[in-house]
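Student: This is the content of my_file.cif (mmCIF, C-alpha atoms):
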data_query
#
loop_
_atom_site.label_atom_id
_atom_site.label_comp_id
_atom_site.auth_asym_id
_atom_site.auth_seq_id
_atom_site.Cartn_x
_atom_site.Cartn_y
_atom_site.Cartn_z
CA MET A 1404 166.46 136.65 -185.93
CA ALA A 1405 165.75 139.33 -183.33
CA GLU A 1406 167.64 139.15 -180.08
CA LYS A 1407 165.44 138.29 -177.11
CA LYS A 1408 165.15 141.18 -174.66
CA GLU A 1409 165.87 140.46 -171.03
CA SER A 1410 162.68 140.83 -168.99
CA ASN A 1411 161.61 140.65 -165.37
CA ASN A 1412 159.61 137.49 -166.03
CA SER A 1413 160.93 133.97 -165.82
CA GLU A 1414 160.00 131.26 -168.30
CA ASP A 1415 156.91 130.22 -166.33
CA GLY A 1416 155.54 133.76 -166.29
CA ARG A 1417 156.63 134.60 -162.75
CA TRP A 1418 158.68 137.63 -161.92
CA THR A 1419 162.37 137.08 -161.45
CA LEU A 1420 164.81 138.84 -159.19
CA GLN A 1421 167.78 136.86 -160.48
CA GLY A 1422 170.99 138.70 -159.61
CA LYS A 1423 169.27 141.29 -157.42
CA THR A 1424 170.38 141.79 -153.81
CA ALA A 1425 168.12 142.32 -150.81
CA LEU A 1426 168.47 143.12 -147.13
CA VAL A 1427 165.55 142.01 -144.96
CA THR A 1428 165.77 142.99 -141.31
CA GLY A 1429 163.97 140.69 -138.89
CA GLY A 1430 163.89 137.95 -141.49
CA THR A 1431 163.64 134.83 -139.33
CA LYS A 1432 160.06 135.17 -138.08
CA GLY A 1433 156.63 136.12 -139.31
CA ILE A 1434 156.31 138.49 -142.24
CA GLY A 1435 160.09 138.93 -142.51
CA HIS A 1436 160.54 135.16 -142.87
CA ALA A 1437 157.91 135.06 -145.62
CA ILE A 1438 159.60 137.97 -147.41
CA VAL A 1439 162.99 136.20 -147.34
CA GLU A 1440 161.33 133.06 -148.74
CA GLU A 1441 159.60 134.94 -151.56
CA LEU A 1442 162.59 137.07 -152.56
CA SER A 1443 164.82 133.98 -152.55
CA GLY A 1444 162.24 132.01 -154.49
CA PHE A 1445 162.35 134.67 -157.20
CA GLY A 1446 166.14 134.39 -157.38
CA ALA A 1447 167.33 137.27 -155.19
CA ILE A 1448 170.44 136.99 -153.04
CA VAL A 1449 169.26 137.88 -149.54
CA TYR A 1450 170.97 139.03 -146.35
CA THR A 1451 168.94 139.04 -143.15
CA CYS A 1452 169.42 139.67 -139.46
CA CYS A 1453 167.75 138.81 -136.19
CA ARG A 1454 168.59 138.90 -132.48
CA ASN A 1455 168.84 135.13 -131.92
CA GLN A 1456 171.79 133.08 -133.26
CA GLU A 1457 170.04 129.71 -132.90
CA GLN A 1458 166.98 130.92 -134.78
CA LEU A 1459 169.19 132.44 -137.49
CA ASP A 1460 171.18 129.21 -137.89
CA GLN A 1461 168.00 127.14 -138.22
CA CYS A 1462 166.56 129.44 -140.88
CA LEU A 1463 169.82 129.66 -142.84
CA GLU A 1464 170.11 125.86 -142.86
CA LYS A 1465 166.53 125.51 -144.10
CA TRP A 1466 166.93 128.14 -146.82
CA ARG A 1467 170.24 126.78 -148.03
CA GLY A 1468 168.66 123.32 -148.15
CA LYS A 1469 166.15 124.78 -150.61
CA GLY A 1470 169.00 126.15 -152.69
CA TYR A 1471 168.39 129.78 -151.71
CA LYS A 1472 171.29 132.21 -151.55
CA VAL A 1473 170.79 133.63 -148.06
CA GLU A 1474 173.28 134.89 -145.49
CA GLY A 1475 172.72 136.59 -142.18
CA CYS A 1476 174.00 137.76 -138.85
CA VAL A 1477 172.81 138.49 -135.34
CA CYS A 1478 172.00 142.15 -134.86
CA ASP A 1479 169.96 144.09 -132.32
CA LEU A 1480 168.91 147.10 -134.38
CA ILE A 1481 168.25 149.22 -131.33
CA LEU A 1482 172.03 149.38 -130.74
CA ARG A 1483 173.88 151.75 -133.07
CA PRO A 1484 177.20 149.80 -133.07
CA GLN A 1485 175.32 146.66 -134.14
CA ARG A 1486 173.50 148.55 -136.92
CA GLU A 1487 176.85 149.84 -138.16
CA MET A 1488 178.30 146.32 -138.03
CA LEU A 1489 175.30 145.02 -140.00
CA MET A 1490 175.82 147.61 -142.72
CA GLU A 1491 179.53 146.76 -142.99
CA LYS A 1492 178.66 143.07 -143.40
CA VAL A 1493 176.00 143.84 -146.01
CA ILE A 1494 178.33 146.15 -147.95
CA ASN A 1495 181.03 143.46 -147.98
CA TYR A 1496 178.63 140.62 -148.82
CA PHE A 1497 177.03 142.46 -151.75
CA GLN A 1498 180.21 144.31 -152.75
CA GLY A 1499 178.44 147.62 -152.27
CA LYS A 1500 175.38 146.81 -154.41
CA LEU A 1501 172.01 146.72 -152.63
CA ASN A 1502 168.87 146.65 -154.79
CA ILE A 1503 166.13 145.99 -152.24
CA LEU A 1504 165.78 147.05 -148.61
CA ILE A 1505 162.96 145.65 -146.48
CA ASN A 1506 163.05 147.31 -143.06
CA ASN A 1507 160.89 144.73 -141.32
CA ALA A 1508 162.41 144.47 -137.83
CA ALA A 1509 160.30 145.89 -135.06
CA VAL A 1510 162.11 148.25 -132.75
CA ALA A 1511 160.24 149.51 -129.72
CA VAL A 1512 161.67 152.25 -127.57
CA SER A 1513 159.78 153.14 -124.46
CA ASN A 1514 160.42 155.64 -121.73
CA LEU A 1515 158.84 155.56 -118.33
CA ALA A 1516 156.59 158.49 -117.59
CA THR A 1517 157.98 160.76 -114.90
#
Taking this structure as input, can you express it in the form of structure tokens?
Tutor:
Amino acid sequence: MAEKKESNNSEDGRWTLQGKTALVTGGTKGIGHAIVEELSGFGAIVYTCCRNQEQLDQCLEKWRGKGYKVEGCVCDLILRPQREMLMEKVINYFQGKLNILINNAAVAVSNLAT
């Protein structure tokens, strides 16, 4: 009997991301939230960030209640030290293996005209 090849499709014909890792910035609202839901639904292990601890906690609780493997932290991506801290956390969480990066967070920098 031939050995079954591993594919990217699950038994019901959907794609699977089982065992893949993903970082989604700005994952607690809008499109980012939907991306976290979809990636998790396909089996990915997801790390996300946002600027609001309460919002992050609510989302993590909801996702974990659905059985999703999601972790996250508060991070304001406009601040370099916080970006560096985020990357350290992601590296540690995924043990250096990141398969998917969704750079969804909006960062607006404005300067006053002089």
Student: Care to translate the PyMOL selection byres ((chain A and resi 1480) around 12) into actual residues of this file, as number ranges by chain?
Tutor: A: 1428-1429, 1451-1454, 1476-1479, 1481-1490, 1506-1512
Student: Restricting the calculation to all atoms listed in the file, which member of A:Trp1466, A:Phe1445, A:Tyr1471, A:Tyr1450 is positioned closest to Phe1497 (chain A)?
Tutor: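 Residue with the minimum atom-to-atom distance to Phe1497 (chain A): A:Tyr1450.
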Student: To test your reading of the syntax: which residues would the PyMOL selection byres ((chain A and resi 1423) around 10) return for the file shown? Reply as number ranges by chain.
Tutor: A: 1419-1422, 1424-1425, 1442-1443, 1445-1449, 1497, 1500-1503
Student: Provide the CA of Gly1499 (chain A) to CA of Glu1457 (chain A) distance in Å, to one decimal place.
Tutor: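 Result for CA of Gly1499 (chain A) versus CA of Glu1457 (chain A): 27.7 Å, one decimal.
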Student: Could you tell me how far CA of Leu1504 (chain A) sits from CA of Gly1475 (chain A), in Å to one decimal place?
Tutor: 14.1 Å
Student: Please report the interatomic distance between CA of Asn1455 (chain A) and CA of Ser1513 (chain A) in Å with one decimal.
Tutor: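 Going from CA of Asn1455 (chain A) over to CA of Ser1513 (chain A), I get 21.5 Å.
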Student: Would you mind telling me which residue in A:Gly1470, A:Trp1418, A:Leu1515, A:Leu1463 lies nearest to His1436 (chain A) when using only C-alpha atoms?
Tutor: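 Closest to His1436 (chain A), using only C-alpha atoms: A:Leu1463.
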